[in-house]
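Data block below; observations after.
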Amino acid sequence: MLIKNAILYTAVRPEPVQADISLEHGKIKAIAPGISPAPGEEVVDAAGLRIYPGFVDAHSHLALDGYGMGYDSIDYNEMGNIISPQLRGVDSFNPQDRSIEMARRGGVTTVGVGPGSANVLGGTFFAVKTYGSCVDDMILRDPVAMKCAFGENPKRCYKDKGNSARMSTAAKLRETLFAARDYMERKEAAGDDVQKRPKFDLKMEALLPVLRGEIPLKAHAHRADDICTAIRIAREFGVKLTLEHCTEGHLIPEVVARAGWPVAVGPTLTHASKLELANKSFDTPGVLARAGCQVSIITDSSVIPQQYLSLCAGLAVKAGMEPFAALQAITINPARHLGVADRVGSLEVGKDADLVITDGDPMVSDTTVKMVFIDGRQVVC
């Protein structure tokens, strides 16, 4: 397919460009003005329209927290064990959930999906496209991170089971990471000698990619002190980290920037439902971006419906975030956050043909999404 005469917002350069874009075998083949169609190639005239990269959300529970299912049917939290790193978000994902179609109609083509924050360690997130009938055919990368949580949620969910204070949460995470490191060292020392290997432990196995630096801890942390605790523990164990929610990040921007880890800010378009959200503000993503952080804006779907990701970016702009930074916060930055920026997040030759075509700025509420492409397939007309 050849899409002609559109205004392209690539997410890698601040200025839009008038150009054609050629799609072939699910990839972006060429971007240039005046591309001539090949014989038999379908041509779409997009004059007066804009093309953006498919929007990316780095932190979601899409199709795990099922649409219209009710609390008793939620599949994104295991409430029986506070240490559950062996769980995999992919095993609760329902491709037939209505919320997936709603997401892509809002231009969201890739999401990082995984467990909630009830547990100190809750299992793995994965990156998935928002089109398909079987999750195995939709996965972009699995796993992308190991979920861990600080703050009120583990305390609330396990207050009667030995976890009623923030220091208890931190201690349980440290204890598990120490155990996993010991397990890894014993396994490595044993080499090929099966008799010397430690007894197989699925929880410990699940943490090996974290200790080896293959995936980060994805740290649910709202309050400033929780953010600092997450950074401190990551430093102690020499593991990678992403800061999720980062609600009070604007109170300690220099600390967050100095740590150097990616931050995912949100969900902000909601009521402050608990004490640790009291300082929630749409100022936060702009403050952190200006401090030099790699900022993604997130919905935490279903907290905010997935299709309103671009609206959240628009509200950050209204609060003072630079518009190009806000665009990057729902495209290339979350792609980097999830480790899939080689495939999605920007309009560049060789990347997946995930496109959103609109009649205006998608961060403005009266803009209409006209077409959406995922892997070169038109999935929204």
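Residues in the structure tokens are named by chain (A, B, ... in the order shown) and by number from 1 within that chain; ligands are numbered from 1 in the order shown.
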Inset, instruction - With a distance cut-off of 9 Å and only C-alpha atoms, select the neighbouring residues of Lys370 of chain A, excluding the residue or stretch itself and same-chain residues fewer than 4 positions from it, and output the selection as a VMD selection string. - result: chain A and resid 49 105 356 to 359 380 to 381
Legend entry - Shell around segment 288-296 of chain A at 9 Å using only C-alpha atoms, local window under 3 positions removed, as a VMD selection string: chain A and resid 56 to 58 249 to 250 252 to 254 256 to 258 260 to 266 283 to 285 321 to 322 325 to 326 328 to 337
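For Ile233 of chain A, the set of protein, DNA and RNA residues having any atom at most 10 Å away, when counting only C-alpha atoms and skipping those fewer than 5 positions along the same chain, is Ala170, Ala171, Leu173, Arg174, Leu177, Cys228, Gly238, Val239 and Leu241 of chain A.
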Inset, instruction - Can you check which residues of segment 183-350 of chain A DSSP gives as helix (DSSP H, G or I) on the backbone and send them as a ChimeraX atom specification? - result: /A:183-190,194-196,202-211,224-237,249-251,253-259,275-277,283-290,306-318,323-328,332-338
Generate the output file for the selected residues, C-alpha atoms, as an mmCIF file, in the first residue's frame.
data_model
loop_
_atom_site.group_PDB
_atom_site.id
_atom_site.type_symbol
_atom_site.label_atom_id
_atom_site.label_comp_id
_atom_site.auth_asym_id
_atom_site.auth_seq_id
_atom_site.Cartn_x
_atom_site.Cartn_y
_atom_site.Cartn_z
ATOM 1 C CA TYR A 183 19.911 -19.905 43.605
ATOM 2 C CA MET A 184 21.518 -18.450 40.473
ATOM 3 C CA GLU A 185 25.043 -18.712 41.862
ATOM 4 C CA ARG A 186 24.528 -22.318 42.948
ATOM 5 C CA LYS A 187 23.054 -23.221 39.593
ATOM 6 C CA GLU A 188 25.943 -21.587 37.730
ATOM 7 C CA ALA A 189 28.527 -23.262 39.990
ATOM 8 C CA ALA A 190 26.975 -26.670 39.347
ATOM 9 C CA VAL A 194 22.724 -32.223 37.601
ATOM 10 C CA GLN A 195 23.459 -33.714 41.032
ATOM 11 C CA LYS A 196 24.905 -30.430 42.278
ATOM 12 C CA LEU A 202 9.898 -21.829 39.511
ATOM 13 C CA LYS A 203 9.837 -18.593 41.523
ATOM 14 C CA MET A 204 13.622 -18.385 41.536
ATOM 15 C CA GLU A 205 13.805 -19.282 37.847
ATOM 16 C CA ALA A 206 11.415 -16.424 37.044
ATOM 17 C CA LEU A 207 13.776 -13.938 38.703
ATOM 18 C CA LEU A 208 16.920 -15.026 36.852
ATOM 19 C CA PRO A 209 16.272 -12.697 33.868
ATOM 20 C CA VAL A 210 16.041 -9.798 36.340
ATOM 21 C CA LEU A 211 19.335 -10.660 38.056
ATOM 22 C CA ALA A 224 8.372 10.047 46.666
ATOM 23 C CA ASP A 225 9.762 7.824 49.413
ATOM 24 C CA ASP A 226 8.589 4.698 47.565
ATOM 25 C CA ILE A 227 10.318 5.931 44.408
ATOM 26 C CA CYS A 228 13.538 6.350 46.392
ATOM 27 C CA THR A 229 13.172 2.872 47.940
ATOM 28 C CA ALA A 230 12.769 1.306 44.495
ATOM 29 C CA ILE A 231 15.891 3.081 43.267
ATOM 30 C CA ARG A 232 17.823 2.076 46.393
ATOM 31 C CA ILE A 233 16.955 -1.627 46.114
ATOM 32 C CA ALA A 234 17.743 -1.712 42.385
ATOM 33 C CA ARG A 235 21.134 -0.208 43.176
ATOM 34 C CA GLU A 236 21.773 -2.722 45.982
ATOM 35 C CA PHE A 237 21.237 -5.687 43.669
ATOM 36 C CA GLY A 249 8.118 12.386 40.778
ATOM 37 C CA HIS A 250 7.631 16.139 40.318
ATOM 38 C CA LEU A 251 8.553 16.588 44.009
ATOM 39 C CA PRO A 253 12.771 15.451 39.768
ATOM 40 C CA GLU A 254 16.517 15.722 40.356
ATOM 41 C CA VAL A 255 16.536 12.370 42.201
ATOM 42 C CA VAL A 256 14.589 10.635 39.450
ATOM 43 C CA ALA A 257 16.721 12.181 36.716
ATOM 44 C CA ARG A 258 19.972 11.278 38.489
ATOM 45 C CA ALA A 259 18.864 7.647 38.815
ATOM 46 C CA LEU A 275 -3.409 8.952 50.395
ATOM 47 C CA GLU A 276 -0.404 8.280 48.173
ATOM 48 C CA LEU A 277 -2.227 9.901 45.222
ATOM 49 C CA ASP A 283 2.300 18.752 35.747
ATOM 50 C CA THR A 284 4.360 15.658 36.576
ATOM 51 C CA PRO A 285 5.252 14.368 33.076
ATOM 52 C CA GLY A 286 6.343 17.829 31.925
ATOM 53 C CA VAL A 287 8.420 18.463 35.049
ATOM 54 C CA LEU A 288 10.211 15.126 34.681
ATOM 55 C CA ALA A 289 10.751 15.580 30.927
ATOM 56 C CA ARG A 290 12.304 19.003 31.506
ATOM 57 C CA GLN A 306 -7.061 2.530 27.005
ATOM 58 C CA GLN A 307 -8.424 4.563 24.080
ATOM 59 C CA TYR A 308 -7.894 7.842 25.968
ATOM 60 C CA LEU A 309 -4.100 7.597 26.038
ATOM 61 C CA SER A 310 -3.662 10.486 23.593
ATOM 62 C CA LEU A 311 -6.141 12.601 25.570
ATOM 63 C CA CYS A 312 -3.974 12.129 28.675
ATOM 64 C CA ALA A 313 -1.008 13.400 26.675
ATOM 65 C CA GLY A 314 -3.074 16.419 25.645
ATOM 66 C CA LEU A 315 -3.882 17.203 29.276
ATOM 67 C CA ALA A 316 -0.159 17.045 30.059
ATOM 68 C CA VAL A 317 0.400 19.606 27.279
ATOM 69 C CA LYS A 318 -2.313 21.800 28.790
ATOM 70 C CA PRO A 323 3.882 19.054 22.678
ATOM 71 C CA PHE A 324 6.658 17.075 21.006
ATOM 72 C CA ALA A 325 7.699 15.630 24.370
ATOM 73 C CA ALA A 326 4.072 14.622 24.961
ATOM 74 C CA LEU A 327 3.923 12.916 21.558
ATOM 75 C CA GLN A 328 7.115 11.030 22.349
ATOM 76 C CA ILE A 332 8.858 6.223 21.048
ATOM 77 C CA ASN A 333 9.467 6.599 24.804
ATOM 78 C CA PRO A 334 7.082 3.807 25.869
ATOM 79 C CA ALA A 335 8.495 1.682 23.048
ATOM 80 C CA ARG A 336 11.947 2.182 24.584
ATOM 81 C CA HIS A 337 10.496 1.579 28.036
ATOM 82 C CA LEU A 338 9.257 -1.833 26.868
#
